[in-house]
$ cat my_file.cif   # mmCIF, N, CA and C atoms
data_coords
loop_
_atom_site.label_atom_id
_atom_site.label_comp_id
_atom_site.auth_asym_id
_atom_site.auth_seq_id
_atom_site.Cartn_x
_atom_site.Cartn_y
_atom_site.Cartn_z
N MET I 18 68.44 84.36 109.95
CA MET I 18 69.45 85.33 109.60
C MET I 18 70.63 85.17 110.55
N LYS I 19 71.82 85.10 109.94
CA LYS I 19 73.00 84.80 110.74
C LYS I 19 73.94 85.99 110.92
N SER I 20 73.70 87.08 110.19
CA SER I 20 74.60 88.22 110.31
C SER I 20 73.84 89.53 110.15
N ILE I 21 74.52 90.59 110.48
CA ILE I 21 73.95 91.93 110.33
C ILE I 21 73.68 92.23 108.86
N LYS I 22 74.56 91.75 108.00
CA LYS I 22 74.38 91.95 106.56
C LYS I 22 73.09 91.28 106.08
N ASP I 23 72.80 90.09 106.61
CA ASP I 23 71.55 89.39 106.25
C ASP I 23 70.32 90.20 106.67
N ILE I 24 70.39 90.79 107.84
CA ILE I 24 69.26 91.62 108.33
C ILE I 24 69.06 92.82 107.41
N ALA I 25 70.16 93.50 107.08
CA ALA I 25 70.06 94.67 106.20
C ALA I 25 69.52 94.28 104.83
N ASN I 26 70.03 93.18 104.28
CA ASN I 26 69.53 92.71 102.97
C ASN I 26 68.05 92.35 103.04
N TYR I 27 67.61 91.71 104.11
CA TYR I 27 66.21 91.33 104.26
C TYR I 27 65.32 92.57 104.30
N ILE I 28 65.74 93.57 105.05
CA ILE I 28 64.96 94.82 105.13
C ILE I 28 64.87 95.48 103.77
N LEU I 29 65.98 95.52 103.04
CA LEU I 29 65.99 96.16 101.73
C LEU I 29 65.21 95.37 100.69
N GLU I 30 65.39 94.05 100.67
CA GLU I 30 64.72 93.21 99.67
C GLU I 30 63.21 93.19 99.85
N ASN I 31 62.73 93.28 101.07
CA ASN I 31 61.29 93.24 101.34
C ASN I 31 60.67 94.63 101.45
N ASP I 32 61.41 95.63 101.01
CA ASP I 32 60.93 97.01 100.95
C ASP I 32 60.38 97.50 102.30
N MET I 33 61.16 97.23 103.36
CA MET I 33 60.76 97.64 104.71
C MET I 33 61.68 98.73 105.27
N ALA I 34 62.39 99.40 104.39
CA ALA I 34 63.34 100.41 104.83
C ALA I 34 62.66 101.56 105.57
N SER I 35 61.45 101.92 105.14
CA SER I 35 60.76 103.02 105.82
C SER I 35 60.23 102.59 107.19
N LEU I 36 59.94 101.30 107.36
CA LEU I 36 59.45 100.81 108.65
C LEU I 36 60.58 100.67 109.68
N PHE I 37 61.73 100.22 109.21
CA PHE I 37 62.87 99.94 110.11
C PHE I 37 64.06 100.84 109.74
N LYS I 38 63.79 102.12 109.61
CA LYS I 38 64.80 103.07 109.18
C LYS I 38 66.00 103.09 110.13
N ASP I 39 65.75 103.16 111.42
CA ASP I 39 66.85 103.23 112.40
C ASP I 39 67.64 101.93 112.47
N ILE I 40 66.95 100.82 112.37
CA ILE I 40 67.63 99.51 112.39
C ILE I 40 68.51 99.37 111.16
N LEU I 41 67.99 99.79 110.00
CA LEU I 41 68.77 99.73 108.77
C LEU I 41 70.00 100.64 108.86
N THR I 42 69.83 101.83 109.41
CA THR I 42 70.95 102.75 109.58
C THR I 42 72.00 102.15 110.51
N ALA I 43 71.57 101.55 111.60
CA ALA I 43 72.51 100.91 112.53
C ALA I 43 73.25 99.75 111.86
N CYS I 44 72.54 98.97 111.04
CA CYS I 44 73.17 97.86 110.32
C CYS I 44 74.24 98.38 109.36
N ILE I 45 73.92 99.43 108.63
CA ILE I 45 74.88 99.99 107.66
C ILE I 45 76.11 100.53 108.38
N ILE I 46 75.89 101.23 109.49
CA ILE I 46 77.03 101.75 110.26
C ILE I 46 77.88 100.59 110.79
N PHE I 47 77.21 99.57 111.30
CA PHE I 47 77.93 98.42 111.85
C PHE I 47 78.74 97.71 110.77
N ILE I 48 78.16 97.58 109.58
CA ILE I 48 78.85 96.89 108.48
C ILE I 48 80.06 97.69 108.01
N SER I 49 79.95 99.00 107.93
CA SER I 49 81.03 99.81 107.38
C SER I 49 82.08 100.22 108.41
N LEU I 50 81.76 100.21 109.66
CA LEU I 50 82.67 100.71 110.69
C LEU I 50 84.01 99.99 110.75
N PRO I 51 84.08 98.68 110.81
CA PRO I 51 85.39 98.02 110.90
C PRO I 51 86.30 98.31 109.71
N VAL I 52 85.74 98.40 108.54
CA VAL I 52 86.54 98.68 107.36
C VAL I 52 87.14 100.08 107.45
N THR I 53 86.35 101.04 107.85
CA THR I 53 86.81 102.41 107.94
C THR I 53 87.93 102.55 108.97
N VAL I 54 87.77 101.98 110.13
CA VAL I 54 88.77 102.09 111.19
C VAL I 54 90.06 101.38 110.79
N ALA I 55 89.95 100.17 110.24
CA ALA I 55 91.13 99.42 109.84
C ALA I 55 91.89 100.14 108.74
N SER I 56 91.16 100.72 107.80
CA SER I 56 91.79 101.43 106.70
C SER I 56 92.56 102.64 107.22
N ALA I 57 91.95 103.40 108.11
CA ALA I 57 92.62 104.59 108.67
C ALA I 57 93.85 104.19 109.48
N GLU I 58 93.72 103.15 110.29
CA GLU I 58 94.86 102.70 111.10
C GLU I 58 96.00 102.23 110.21
N ARG I 59 95.67 101.52 109.13
CA ARG I 59 96.68 101.03 108.21
C ARG I 59 97.40 102.21 107.55
N SER I 60 96.65 103.22 107.17
CA SER I 60 97.25 104.39 106.52
C SER I 60 98.24 105.08 107.45
N PHE I 61 97.84 105.31 108.69
CA PHE I 61 98.73 105.98 109.63
C PHE I 61 99.93 105.11 109.97
N SER I 62 99.73 103.81 110.05
CA SER I 62 100.83 102.90 110.34
C SER I 62 101.87 102.94 109.23
N LYS I 63 101.41 102.89 107.99
CA LYS I 63 102.33 102.95 106.85
C LYS I 63 103.05 104.28 106.80
N LEU I 64 102.33 105.36 107.04
CA LEU I 64 102.95 106.68 107.03
C LEU I 64 104.03 106.78 108.09
N LYS I 65 103.79 106.22 109.27
CA LYS I 65 104.77 106.26 110.35
C LYS I 65 106.03 105.48 109.96
N ILE I 66 105.86 104.32 109.34
CA ILE I 66 107.01 103.52 108.91
C ILE I 66 107.84 104.27 107.88
N ILE I 67 107.14 104.84 106.89
CA ILE I 67 107.84 105.57 105.83
C ILE I 67 108.53 106.80 106.39
N LYS I 68 107.85 107.54 107.25
CA LYS I 68 108.44 108.77 107.81
C LYS I 68 109.68 108.46 108.63
N ASN I 69 109.64 107.41 109.43
CA ASN I 69 110.80 107.08 110.24
C ASN I 69 112.01 106.73 109.37
N TYR I 70 111.74 106.05 108.27
CA TYR I 70 112.84 105.60 107.42
C TYR I 70 113.39 106.74 106.57
N LEU I 71 112.53 107.60 106.07
CA LEU I 71 112.95 108.60 105.10
C LEU I 71 112.86 110.04 105.59
N ARG I 72 112.68 110.25 106.85
CA ARG I 72 112.41 111.59 107.39
C ARG I 72 113.41 112.64 106.94
N ASN I 73 114.70 112.34 106.98
CA ASN I 73 115.71 113.36 106.72
C ASN I 73 116.13 113.45 105.25
N SER I 74 115.65 112.57 104.42
CA SER I 74 116.19 112.54 103.06
C SER I 74 115.28 113.14 102.00
N MET I 75 114.06 113.55 102.34
CA MET I 75 113.19 114.11 101.31
C MET I 75 112.17 115.07 101.89
N GLY I 76 111.56 115.85 101.01
CA GLY I 76 110.58 116.84 101.42
C GLY I 76 109.22 116.24 101.73
N GLN I 77 108.37 117.05 102.32
CA GLN I 77 107.04 116.60 102.75
C GLN I 77 106.17 116.18 101.57
N GLU I 78 106.23 116.90 100.45
CA GLU I 78 105.38 116.58 99.30
C GLU I 78 105.72 115.20 98.74
N ARG I 79 107.00 114.93 98.57
CA ARG I 79 107.41 113.62 98.05
C ARG I 79 107.05 112.51 99.04
N LEU I 80 107.25 112.76 100.32
CA LEU I 80 106.90 111.79 101.34
C LEU I 80 105.41 111.47 101.32
N SER I 81 104.59 112.49 101.15
CA SER I 81 103.14 112.28 101.06
C SER I 81 102.78 111.45 99.83
N ASN I 82 103.41 111.75 98.69
CA ASN I 82 103.14 111.01 97.46
C ASN I 82 103.53 109.54 97.59
N ILE I 83 104.67 109.28 98.21
CA ILE I 83 105.11 107.90 98.40
C ILE I 83 104.16 107.17 99.34
N SER I 84 103.70 107.84 100.38
CA SER I 84 102.79 107.19 101.32
C SER I 84 101.47 106.85 100.63
N ILE I 85 100.98 107.71 99.75
CA ILE I 85 99.75 107.41 99.02
C ILE I 85 99.95 106.19 98.13
N LEU I 86 101.09 106.12 97.44
CA LEU I 86 101.38 104.96 96.60
C LEU I 86 101.42 103.68 97.43
N ASN I 87 101.97 103.75 98.62
CA ASN I 87 102.05 102.57 99.48
C ASN I 87 100.68 102.19 100.03
N ILE I 88 99.90 103.17 100.44
CA ILE I 88 98.58 102.90 100.98
C ILE I 88 97.68 102.29 99.91
N GLU I 89 97.76 102.83 98.71
CA GLU I 89 96.95 102.34 97.58
C GLU I 89 97.72 101.31 96.78
N ARG I 90 98.45 100.45 97.46
CA ARG I 90 99.32 99.46 96.83
C ARG I 90 98.59 98.58 95.83
N SER I 91 97.33 98.22 96.09
CA SER I 91 96.59 97.35 95.17
C SER I 91 96.39 98.03 93.82
N ARG I 92 96.14 99.33 93.83
CA ARG I 92 96.00 100.07 92.56
C ARG I 92 97.35 100.37 91.94
N THR I 93 98.37 100.56 92.78
CA THR I 93 99.71 100.86 92.28
C THR I 93 100.26 99.68 91.50
N LYS I 94 99.95 98.46 91.92
CA LYS I 94 100.43 97.27 91.22
C LYS I 94 99.90 97.19 89.80
N GLU I 95 98.75 97.82 89.53
CA GLU I 95 98.15 97.80 88.20
C GLU I 95 98.81 98.78 87.23
N LEU I 96 99.63 99.70 87.75
CA LEU I 96 100.25 100.70 86.90
C LEU I 96 101.31 100.09 85.99
N ASN I 97 101.36 100.58 84.75
CA ASN I 97 102.41 100.18 83.82
C ASN I 97 103.51 101.24 83.91
N VAL I 98 104.50 100.96 84.72
CA VAL I 98 105.55 101.93 85.02
C VAL I 98 106.34 102.28 83.77
N ASN I 99 106.63 101.30 82.92
CA ASN I 99 107.40 101.56 81.71
C ASN I 99 106.66 102.54 80.79
N LYS I 100 105.35 102.39 80.67
CA LYS I 100 104.57 103.32 79.84
C LYS I 100 104.59 104.73 80.43
N ILE I 101 104.49 104.84 81.75
CA ILE I 101 104.54 106.15 82.39
C ILE I 101 105.89 106.81 82.14
N ILE I 102 106.97 106.06 82.26
CA ILE I 102 108.31 106.60 82.02
C ILE I 102 108.46 107.03 80.57
N ASP I 103 107.99 106.19 79.63
CA ASP I 103 108.08 106.55 78.21
C ASP I 103 107.27 107.80 77.90
N ASP I 104 106.06 107.90 78.43
CA ASP I 104 105.23 109.09 78.21
C ASP I 104 105.92 110.34 78.75
N PHE I 105 106.47 110.23 79.95
CA PHE I 105 107.17 111.36 80.56
C PHE I 105 108.37 111.78 79.71
N ALA I 106 109.15 110.80 79.27
CA ALA I 106 110.34 111.10 78.46
C ALA I 106 109.94 111.73 77.13
N ASN I 107 108.87 111.24 76.51
CA ASN I 107 108.42 111.81 75.24
C ASN I 107 107.95 113.25 75.40
N LYS I 108 107.26 113.54 76.48
CA LYS I 108 106.80 114.91 76.72
C LYS I 108 107.99 115.85 76.91
N LYS I 109 108.99 115.40 77.67
CA LYS I 109 110.18 116.22 77.87
C LYS I 109 110.92 116.43 76.56
N ALA I 110 111.01 115.38 75.73
CA ALA I 110 111.70 115.46 74.44
C ALA I 110 110.97 116.44 73.52
N ARG I 111 109.64 116.41 73.52
CA ARG I 111 108.87 117.34 72.68
C ARG I 111 109.09 118.78 73.10
N LYS I 112 109.13 119.03 74.42
CA LYS I 112 109.38 120.39 74.90
C LYS I 112 110.76 120.85 74.45
N LYS I 113 111.73 119.97 74.56
CA LYS I 113 113.09 120.31 74.18
C LYS I 113 113.16 120.59 72.69
N ASN I 114 112.54 119.74 71.86
CA ASN I 114 112.53 119.95 70.42
C ASN I 114 111.81 121.25 70.06
N PHE I 115 110.72 121.55 70.74
CA PHE I 115 109.98 122.78 70.50
C PHE I 115 110.85 123.99 70.81
N PHE I 116 111.57 123.94 71.91
CA PHE I 116 112.46 125.03 72.31
C PHE I 116 113.53 125.26 71.26
N PHE I 117 114.19 124.16 70.79
CA PHE I 117 115.23 124.29 69.78
C PHE I 117 114.67 124.77 68.44
N THR I 118 113.46 124.37 68.10
CA THR I 118 112.82 124.83 66.86
C THR I 118 112.59 126.33 66.91
N ILE I 119 112.14 126.85 68.03
CA ILE I 119 111.92 128.29 68.18
C ILE I 119 113.24 129.04 68.05
N ILE I 120 114.29 128.54 68.68
CA ILE I 120 115.61 129.20 68.61
C ILE I 120 116.11 129.20 67.17
N GLU I 121 115.94 128.08 66.48
CA GLU I 121 116.40 128.02 65.07
C GLU I 121 115.62 129.01 64.21
N GLN I 122 114.30 129.09 64.43
CA GLN I 122 113.49 130.03 63.66
C GLN I 122 113.90 131.48 63.95
N MET I 123 114.18 131.79 65.21
CA MET I 123 114.59 133.13 65.56
C MET I 123 115.96 133.44 64.93
N ALA I 124 116.85 132.47 64.89
CA ALA I 124 118.18 132.67 64.30
C ALA I 124 118.06 132.90 62.80
N SER I 125 117.15 132.21 62.14
CA SER I 125 117.00 132.38 60.69
C SER I 125 116.37 133.72 60.34
N LEU I 126 115.59 134.28 61.26
CA LEU I 126 114.97 135.59 61.03
C LEU I 126 115.98 136.71 61.21
N GLY I 127 116.89 136.51 62.12
CA GLY I 127 117.78 137.59 62.53
C GLY I 127 119.03 137.59 61.79
#
$ encode --input "my_file.cif" --output "C-alpha cells"
Amino acid sequence: MKSIKDIANYILENDMASLFKDILTACIIFISLPVTVASAERSFSKLKIIKNYLRNSMGQERLSNISILNIERSRTKELNVNKIIDDFANKKARKKNFFFTIIEQMASLG
C-alpha cells in the first residue's frame, strides 16, 4: 500500500472497518482535510479580491451573490445565461401583460 487512500480502501474492501475503526476514521479525516482547508482558503481569498475591487459600488447582498458565483465557477460555466435572461424577460412580460389585462377589464366594467 502506497497511500492513505489505499489503506482505507483495503480496510473497507476486506470488511475490517469494525476492527480498525479509529484507523479508518483517521484515514478519512486525513484524506478530506486538505480539500476542505484549500476550499475554504480559496473562498476567502476570492471574497477578499472581490470586496477590495467592488467595496464602494454595491450592497452586501449583491457582493455575496457575486462571490458565490466566482467560488462556484465550475458550475457557473455550465449555466446557459441566454436562457436565464429570456426566462426572466418572459416572466416580467407576463406580469406586465397581466397588469394591463386587469386594467382593461376594470375599465370595461366601469
$ atom_distance --input "my_file.cif" --atom1 "atom C of Ala43 in chain I" --atom2 "CA of Glu58 in chain I"
21.8 Å
$ residues_around --input "my_file.cif" --residues "Ser20 in chain I" --least-positions-apart "3" --cutoff "12 Å" --atoms "only C-alpha atoms" --output "list in words"
Asp23, Ile24, Ala25, Asn26, Tyr27, Cys44, Phe47 and Ile48 of chain I
$ atom_distance --input "my_file.cif" --atom1 "atom N of Asn69 in chain I" --atom2 "atom C of Ser84 in chain I"
12.0 Å
$ select_by_dssp --input "my_file.cif" --residues "range 19-107 of chain I" --states "alpha helix (DSSP H)" --output "PyMOL selection string"
chain I and resi 21-30+38-71+77-88+90-93+98-107
$ atom_distance --input "my_file.cif" --atom1 "CA of Ile45 in chain I" --atom2 "atom N of Arg92 in chain I"
25.4 Å
$ closest_residue --input "my_file.cif" --among "I:Leu86, I:Leu96, I:Ile21, I:Ala106" --to "Ser49 in chain I" --atoms "only C-alpha atoms"
I:Ile21
$ axis_aligned_box --input "my_file.cif" --around "range 89-100 of chain I" --padding-each-side "8 Å" --output "lines of an AutoDock Vina configuration file"
center_x = 101.7
center_y = 101.0
center_z = 89.3
size_x = 27.4
size_y = 23.5
size_z = 34.9
$ residues_around --input "my_file.cif" --residues "Ile83 in chain I" --least-positions-apart "5" --cutoff "9 Å" --atoms "only C-alpha atoms" --output "VMD selection string"
chain I and resid 64 67 78 88
$ residues_around --input "my_file.cif" --residues "Asn87 in chain I" --least-positions-apart "3" --cutoff "12 Å" --atoms "only C-alpha atoms" --output "ChimeraX atom specification"
/I:59-67,80-84,90-94
$ write_last_selection --input "my_file.cif" --atoms "N, CA and C atoms" --output "compact mmCIF listing (two decimals), keeping the file's coordinate frame"
# COMPACT_ATOMS: atom_id res chain seq x y z
N ARG I 59 95.67 101.52 109.13
CA ARG I 59 96.68 101.03 108.21
C ARG I 59 97.40 102.21 107.55
N SER I 60 96.65 103.22 107.17
CA SER I 60 97.25 104.39 106.52
C SER I 60 98.24 105.08 107.45
N PHE I 61 97.84 105.31 108.69
CA PHE I 61 98.73 105.98 109.63
C PHE I 61 99.93 105.11 109.97
N SER I 62 99.73 103.81 110.05
CA SER I 62 100.83 102.90 110.34
C SER I 62 101.87 102.94 109.23
N LYS I 63 101.41 102.89 107.99
CA LYS I 63 102.33 102.95 106.85
C LYS I 63 103.05 104.28 106.80
N LEU I 64 102.33 105.36 107.04
CA LEU I 64 102.95 106.68 107.03
C LEU I 64 104.03 106.78 108.09
N LYS I 65 103.79 106.22 109.27
CA LYS I 65 104.77 106.26 110.35
C LYS I 65 106.03 105.48 109.96
N ILE I 66 105.86 104.32 109.34
CA ILE I 66 107.01 103.52 108.91
C ILE I 66 107.84 104.27 107.88
N ILE I 67 107.14 104.84 106.89
CA ILE I 67 107.84 105.57 105.83
C ILE I 67 108.53 106.80 106.39
N LEU I 80 107.25 112.76 100.32
CA LEU I 80 106.90 111.79 101.34
C LEU I 80 105.41 111.47 101.32
N SER I 81 104.59 112.49 101.15
CA SER I 81 103.14 112.28 101.06
C SER I 81 102.78 111.45 99.83
N ASN I 82 103.41 111.75 98.69
CA ASN I 82 103.14 111.01 97.46
C ASN I 82 103.53 109.54 97.59
N ILE I 83 104.67 109.28 98.21
CA ILE I 83 105.11 107.90 98.40
C ILE I 83 104.16 107.17 99.34
N SER I 84 103.70 107.84 100.38
CA SER I 84 102.79 107.19 101.32
C SER I 84 101.47 106.85 100.63
N ARG I 90 98.45 100.45 97.46
CA ARG I 90 99.32 99.46 96.83
C ARG I 90 98.59 98.58 95.83
N SER I 91 97.33 98.22 96.09
CA SER I 91 96.59 97.35 95.17
C SER I 91 96.39 98.03 93.82
N ARG I 92 96.14 99.33 93.83
CA ARG I 92 96.00 100.07 92.56
C ARG I 92 97.35 100.37 91.94
N THR I 93 98.37 100.56 92.78
CA THR I 93 99.71 100.86 92.28
C THR I 93 100.26 99.68 91.50
N LYS I 94 99.95 98.46 91.92
CA LYS I 94 100.43 97.27 91.22
C LYS I 94 99.90 97.19 89.80
